[in-house]
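The structure under discussion appears below in the form of structure tokens.
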Amino acid sequence: MAKRLTTEQIERYSRQIMVPDLGGKAQMRLRDAGVLVIGAGGLGSPAAFYLAAAGIGTLGIIDPDHVELSNLQRQILHATKNIGQRKVESAQATLTELNPDVEVKTYAFRFDDTNAAEIAAEYQFIVDGSDNFETKFLVNDTAIQLGIAFSHAGIVRLQGQTMTVIPGKSACYRCLFKAPPPAEEILNCQASGILGAVAGTLGTIQATEAVKYLAGFEEGLLTDRLLVYDAKNMKFRDIEVKRDPHCASCGDGRSRS
Ligand code: ZN
């Protein structure tokens with residue numbers, strides 16, 4: 001028998017427990033779940049904020065960086081007083097202040113191929129808020145290998161894209177993009193800029209997908225389609241993504257564990 005929600009939890013989460021598609025059972029699932037957030041930056045900040053507020057039992061935050069003044073325009077977990085502090089520590093303090101019910105585990109180093117599988121295995125969902133292709137492909141391949149669902153997102157300037165991947169069921173990030181692009185084609189926040197609110201929109205969609213998945217939604221997830229957000233013209237569109245049977249990560253030739 002799952003442990004019941006406390007009176008305080010019922011009050012704190014009352015507005016989402018009221019939602020017919022969620023309810024008390026979903027809330028217990030969220031409480032018993034763990035989400036790993038890769039990067040406490042522009043995407044990870046809003047995602048982790050909403051996941052903590054929603055009552056996800058365990059949040060893992062991995063980021064090797066320290067807070068800089070130029071982060072604060074979009075990385076809303078961190079405040080001016082946190083400049084110079086490790087991002088994971090700043091994130092932990094902010095999230096715990098919002099909701100002491102959530103256990104925040106911190107990893108003050110880079111998510112790389114020496115630690116990815118061991119860390120990811122502790123969680124039921126991954127929010128990829130990383131800002132580089134190497135990490136995005138590593139998140140994908142690790143999640144496929146371990147069978148952990150995750151949300152991909154990327155942002156640049158006034159645009160964003162996001163997709164949810166359920167290993168063994170839906171197309172993966174590598175089905176769509178195959179391999180990292182050549183370095184000269186890469187636009188990133190540092191070189192190209194980003195509007196903070198665009199990162200906020202995408203990170204919030206990632207948190208929504210995590211909650212839906214963990215609450216047990218079987219339909220309606222952002223799978224087999226890439227949602228593209230054009231903030232300049234305020235348009236969203238869906239691009240269909242098909243699973244590639246020859247995909248190097250999830251293809252039929254690969255043995256999935
Ligand atoms: Zn694939």
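For the structure tokens, the naming scheme is as follows: chains receive sequential letters (A, B, ...) according to their order of presentation, residues are indexed from 1 within each chain, and ligands are indexed from 1 in presentation order.
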
Closest atom pairs, residues of stretch 61-105 of chain A within 12 Å of stretch 13-33 of chain A, only C-alpha atoms, as a tab-separated table:
residue	atom	partner	partner_atom	distance
A:Asn99	CA	A:Tyr13	CA	10.9
A:Asp101	CA	A:Arg31	CA	8.8
A:Val102	CA	A:Arg31	CA	8.2
A:Glu103	CA	A:Arg31	CA	10.0

Please extract the residues at most 9 Å from ligand 1, counting only C-alpha atoms and all ligand atoms, and provide them as an MDAnalysis selection string, using the chain letters and residue numbers of this document.
-> chainID A and resid 140:141 144 167 170:176 178 242:251

Stretch 107-257 of chain A: which residues are alpha helix (DSSP H) by DSSP, as a ChimeraX atom specification?
-> /A:116-120,133-146,173-177,189-192,196-215

Residues near A:Thr142, cut-off 9 Å, only C-alpha atoms, skip fewer than 5 positions along chain, as a PyMOL selection string = chain A and resi 113+116-117+120+137+147-148

Could you dump the residues just selected with N, CA, C and O atoms as a JSON list (two decimals), in the first residue's frame?
[["chain", "number", "residue", "atom", "x", "y", "z"],
["A", 113, "ASP", "N", 30.17, 10.60, -20.01],
["A", 113, "ASP", "CA", 30.01, 9.15, -20.21],
["A", 113, "ASP", "C", 30.63, 8.31, -19.08],
["A", 113, "ASP", "O", 30.43, 7.11, -19.03],
["A", 116, "ALA", "N", 27.18, 8.98, -16.46],
["A", 116, "ALA", "CA", 25.80, 9.12, -16.92],
["A", 116, "ALA", "C", 24.88, 7.97, -16.47],
["A", 116, "ALA", "O", 23.83, 8.21, -15.87],
["A", 117, "ALA", "N", 25.31, 6.74, -16.75],
["A", 117, "ALA", "CA", 24.42, 5.60, -16.49],
["A", 117, "ALA", "C", 24.15, 5.44, -14.99],
["A", 117, "ALA", "O", 23.01, 5.20, -14.57],
["A", 120, "ALA", "N", 21.79, 8.42, -13.87],
["A", 120, "ALA", "CA", 20.46, 8.36, -14.49],
["A", 120, "ALA", "C", 19.63, 7.21, -13.95],
["A", 120, "ALA", "O", 18.40, 7.32, -13.81],
["A", 137, "PHE", "N", 23.12, 14.17, -26.99],
["A", 137, "PHE", "CA", 23.21, 12.81, -27.51],
["A", 137, "PHE", "C", 23.51, 11.80, -26.40],
["A", 137, "PHE", "O", 23.00, 10.69, -26.40],
["A", 147, "GLY", "N", 16.26, 2.62, -20.54],
["A", 147, "GLY", "CA", 14.79, 2.59, -20.61],
["A", 147, "GLY", "C", 14.12, 3.67, -19.77],
["A", 147, "GLY", "O", 13.06, 3.45, -19.21],
["A", 148, "ILE", "N", 14.76, 4.83, -19.71],
["A", 148, "ILE", "CA", 14.19, 5.94, -18.93],
["A", 148, "ILE", "C", 13.63, 7.00, -19.89],
["A", 148, "ILE", "O", 14.32, 7.44, -20.81]]

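Interatomic distance, atom CA of A:Ala52 against atom CA of A:Gly84: 23.7 Å.
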
Just list the residues in stretch 118-230 of chain A DSSP gives strand (DSSP E or B) on the backbone, as an MDAnalysis selection string.
-> chainID A and resid 125:128 149:157 159:165 194 225:230

Please provide as a PyMOL selection string all residues within 8 Å of stretch 62-77 of chain A, with the sequence filter that same-chain residues fewer than 3 positions apart are discarded (counting only C-alpha atoms).
-> chain A and resi 36-46+49+80+82-88+90-91+94-95+106-111+195-197+199-200

With N, CA, C and O atoms kept, could you save the residues just selected as a short mmCIF file (atom, residue, chain, number, x, y, z; two decimals), in the first residue's frame?
data_model
loop_
_atom_site.label_atom_id
_atom_site.label_comp_id
_atom_site.auth_asym_id
_atom_site.auth_seq_id
_atom_site.Cartn_x
_atom_site.Cartn_y
_atom_site.Cartn_z
N LEU A 36 15.62 13.62 -12.89
CA LEU A 36 16.97 14.17 -13.02
C LEU A 36 16.93 15.35 -14.00
O LEU A 36 16.46 15.20 -15.13
N VAL A 37 17.37 16.50 -13.53
CA VAL A 37 17.41 17.70 -14.38
C VAL A 37 18.86 17.96 -14.75
O VAL A 37 19.71 18.19 -13.87
N ILE A 38 19.15 17.87 -16.06
CA ILE A 38 20.52 18.07 -16.53
C ILE A 38 20.70 19.56 -16.83
O ILE A 38 20.13 20.08 -17.80
N GLY A 39 21.47 20.22 -15.99
CA GLY A 39 21.71 21.65 -16.17
C GLY A 39 20.77 22.50 -15.34
O GLY A 39 19.55 22.35 -15.43
N ALA A 40 21.33 23.37 -14.52
CA ALA A 40 20.51 24.30 -13.72
C ALA A 40 20.55 25.67 -14.39
O ALA A 40 20.85 26.68 -13.77
N GLY A 41 20.27 25.66 -15.70
CA GLY A 41 20.37 26.88 -16.50
C GLY A 41 19.02 27.39 -16.96
O GLY A 41 18.03 27.34 -16.22
N GLY A 42 18.97 27.85 -18.22
CA GLY A 42 17.77 28.49 -18.75
C GLY A 42 16.58 27.56 -18.86
O GLY A 42 15.44 27.97 -18.65
N LEU A 43 16.81 26.29 -19.20
CA LEU A 43 15.73 25.30 -19.28
C LEU A 43 15.52 24.61 -17.93
O LEU A 43 14.40 24.42 -17.47
N GLY A 44 16.63 24.23 -17.30
CA GLY A 44 16.55 23.50 -16.04
C GLY A 44 15.92 24.32 -14.92
O GLY A 44 15.25 23.76 -14.05
N SER A 45 16.13 25.64 -14.96
CA SER A 45 15.57 26.48 -13.88
C SER A 45 14.05 26.43 -13.84
O SER A 45 13.48 26.04 -12.82
N PRO A 46 13.36 26.81 -14.92
CA PRO A 46 11.90 26.75 -14.85
C PRO A 46 11.39 25.32 -14.68
O PRO A 46 10.41 25.09 -13.96
N PHE A 49 11.90 24.32 -11.03
CA PHE A 49 10.98 25.12 -10.21
C PHE A 49 9.59 24.50 -10.18
O PHE A 49 9.01 24.24 -9.13
N THR A 80 20.83 37.44 -7.63
CA THR A 80 22.06 38.25 -7.61
C THR A 80 22.98 37.83 -6.47
O THR A 80 24.20 37.75 -6.63
N ASN A 82 23.55 35.03 -5.37
CA ASN A 82 24.17 33.72 -5.62
C ASN A 82 25.36 33.77 -6.58
O ASN A 82 25.98 32.73 -6.84
N ILE A 83 25.67 34.94 -7.11
CA ILE A 83 26.78 35.03 -8.07
C ILE A 83 28.06 34.49 -7.43
O ILE A 83 28.38 34.84 -6.28
N GLY A 84 28.73 33.61 -8.15
CA GLY A 84 29.95 32.99 -7.64
C GLY A 84 29.72 31.66 -6.96
O GLY A 84 30.65 30.86 -6.79
N GLN A 85 28.48 31.39 -6.58
CA GLN A 85 28.15 30.13 -5.90
C GLN A 85 27.99 29.01 -6.94
O GLN A 85 27.71 29.29 -8.11
N ARG A 86 28.14 27.77 -6.50
CA ARG A 86 27.87 26.66 -7.42
C ARG A 86 26.38 26.69 -7.78
O ARG A 86 25.54 26.85 -6.91
N LYS A 87 26.08 26.46 -9.05
CA LYS A 87 24.67 26.49 -9.48
C LYS A 87 23.84 25.43 -8.76
O LYS A 87 22.68 25.68 -8.42
N VAL A 88 24.42 24.26 -8.52
CA VAL A 88 23.62 23.21 -7.87
C VAL A 88 23.26 23.59 -6.43
O VAL A 88 22.18 23.26 -5.94
N SER A 90 22.96 26.77 -5.27
CA SER A 90 21.97 27.84 -5.38
C SER A 90 20.59 27.24 -5.72
O SER A 90 19.57 27.61 -5.13
N ALA A 91 20.58 26.29 -6.65
CA ALA A 91 19.33 25.64 -7.05
C ALA A 91 18.70 24.89 -5.89
O ALA A 91 17.50 24.99 -5.63
N THR A 94 17.10 27.34 -3.41
CA THR A 94 15.87 27.94 -3.94
C THR A 94 14.72 26.94 -3.92
O THR A 94 13.60 27.25 -3.51
N LEU A 95 15.00 25.72 -4.38
CA LEU A 95 13.94 24.71 -4.49
C LEU A 95 13.47 24.26 -3.11
O LEU A 95 12.28 24.02 -2.90
N THR A 106 22.27 16.89 -5.37
CA THR A 106 23.09 17.72 -6.26
C THR A 106 24.33 16.98 -6.75
O THR A 106 24.92 16.16 -6.03
N TYR A 107 24.69 17.28 -7.97
CA TYR A 107 25.89 16.71 -8.60
C TYR A 107 26.64 17.88 -9.22
O TYR A 107 26.22 18.40 -10.27
N ALA A 108 27.73 18.29 -8.58
CA ALA A 108 28.44 19.51 -9.02
C ALA A 108 29.53 19.19 -10.04
O ALA A 108 30.69 19.56 -9.87
N PHE A 109 29.14 18.43 -11.04
CA PHE A 109 30.10 18.11 -12.12
C PHE A 109 29.32 17.90 -13.40
O PHE A 109 28.08 17.93 -13.41
N ARG A 110 30.04 17.70 -14.48
CA ARG A 110 29.44 17.55 -15.78
C ARG A 110 28.85 16.14 -15.94
O ARG A 110 29.44 15.17 -15.48
N PHE A 111 27.68 16.06 -16.57
CA PHE A 111 27.08 14.77 -16.92
C PHE A 111 27.86 14.25 -18.12
O PHE A 111 27.79 14.80 -19.21
N LEU A 195 16.32 34.88 -25.49
CA LEU A 195 15.39 35.62 -24.63
C LEU A 195 15.00 34.72 -23.46
O LEU A 195 14.59 33.57 -23.68
N GLY A 196 15.13 35.21 -22.25
CA GLY A 196 14.86 34.40 -21.06
C GLY A 196 13.49 33.75 -21.07
O GLY A 196 13.34 32.58 -20.73
N ALA A 197 12.48 34.48 -21.49
CA ALA A 197 11.13 33.94 -21.46
C ALA A 197 10.94 32.79 -22.43
O ALA A 197 10.09 31.92 -22.23
N ALA A 199 13.29 30.49 -23.01
CA ALA A 199 13.79 29.35 -22.22
C ALA A 199 12.73 28.93 -21.20
O ALA A 199 12.49 27.74 -20.98
N GLY A 200 12.06 29.91 -20.61
CA GLY A 200 11.02 29.63 -19.62
C GLY A 200 9.88 28.82 -20.21
O GLY A 200 9.40 27.86 -19.60
#

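Between atom CA of A:Leu98 and atom CA of A:Ala53 there is a distance of 6.8 Å.
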
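Of the listed residues A:Ala153, A:Ile10, A:Ala93, A:Ala207, the one whose atoms come nearest to A:Asp131 is A:Ala153, with distances taken using only C-alpha atoms.
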
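In this comparison, which uses only C-alpha atoms, the residue of A:Thr162, A:Thr135, A:Gln9, A:Gln92 approaching A:Thr204 most closely is A:Thr162.
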
Can you work out which one of A:Val156, A:Val241, A:Ala2, A:Leu214 has the shortest atom-to-atom distance to A:Asn132, counting only C-alpha atoms?
-> A:Val156

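Among A:Leu158, A:Ile56, A:Ala79, A:Leu146, the residue with the shortest atom-to-atom distance to A:Val211, counting only C-alpha atoms, is A:Ile56.
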
Excluding same-chain residues fewer than 3 positions from A:Pro180, what lies within 9 Å of it counting only C-alpha atoms, as a list in words?
-> Phe133, Glu134, Lys136, Phe137, Phe177 and Ala183 of chain A

Requested write-out: N, CA, C and O atoms of the selected residues, as a compact mmCIF listing (two decimals), in the first residue's frame:
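Dumped everything to result.txt:
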# COMPACT_ATOMS: atom_id res chain seq x y z
N PHE A 133 25.39 19.78 -27.87
CA PHE A 133 24.95 18.57 -28.56
C PHE A 133 25.56 17.30 -27.98
O PHE A 133 24.92 16.26 -27.93
N GLU A 134 26.79 17.40 -27.53
CA GLU A 134 27.45 16.22 -26.96
C GLU A 134 26.61 15.67 -25.80
O GLU A 134 26.35 14.46 -25.71
N LYS A 136 23.41 16.33 -25.19
CA LYS A 136 22.07 15.93 -25.65
C LYS A 136 22.09 14.50 -26.21
O LYS A 136 21.20 13.70 -25.95
N PHE A 137 23.12 14.17 -26.99
CA PHE A 137 23.21 12.81 -27.51
C PHE A 137 23.51 11.80 -26.40
O PHE A 137 23.00 10.69 -26.40
N PHE A 177 18.05 13.38 -35.39
CA PHE A 177 19.24 14.17 -35.73
C PHE A 177 20.48 13.36 -36.07
O PHE A 177 21.48 13.92 -36.50
N ALA A 183 30.83 21.68 -35.93
CA ALA A 183 30.98 22.78 -34.97
C ALA A 183 30.60 24.13 -35.56
O ALA A 183 29.99 24.96 -34.89
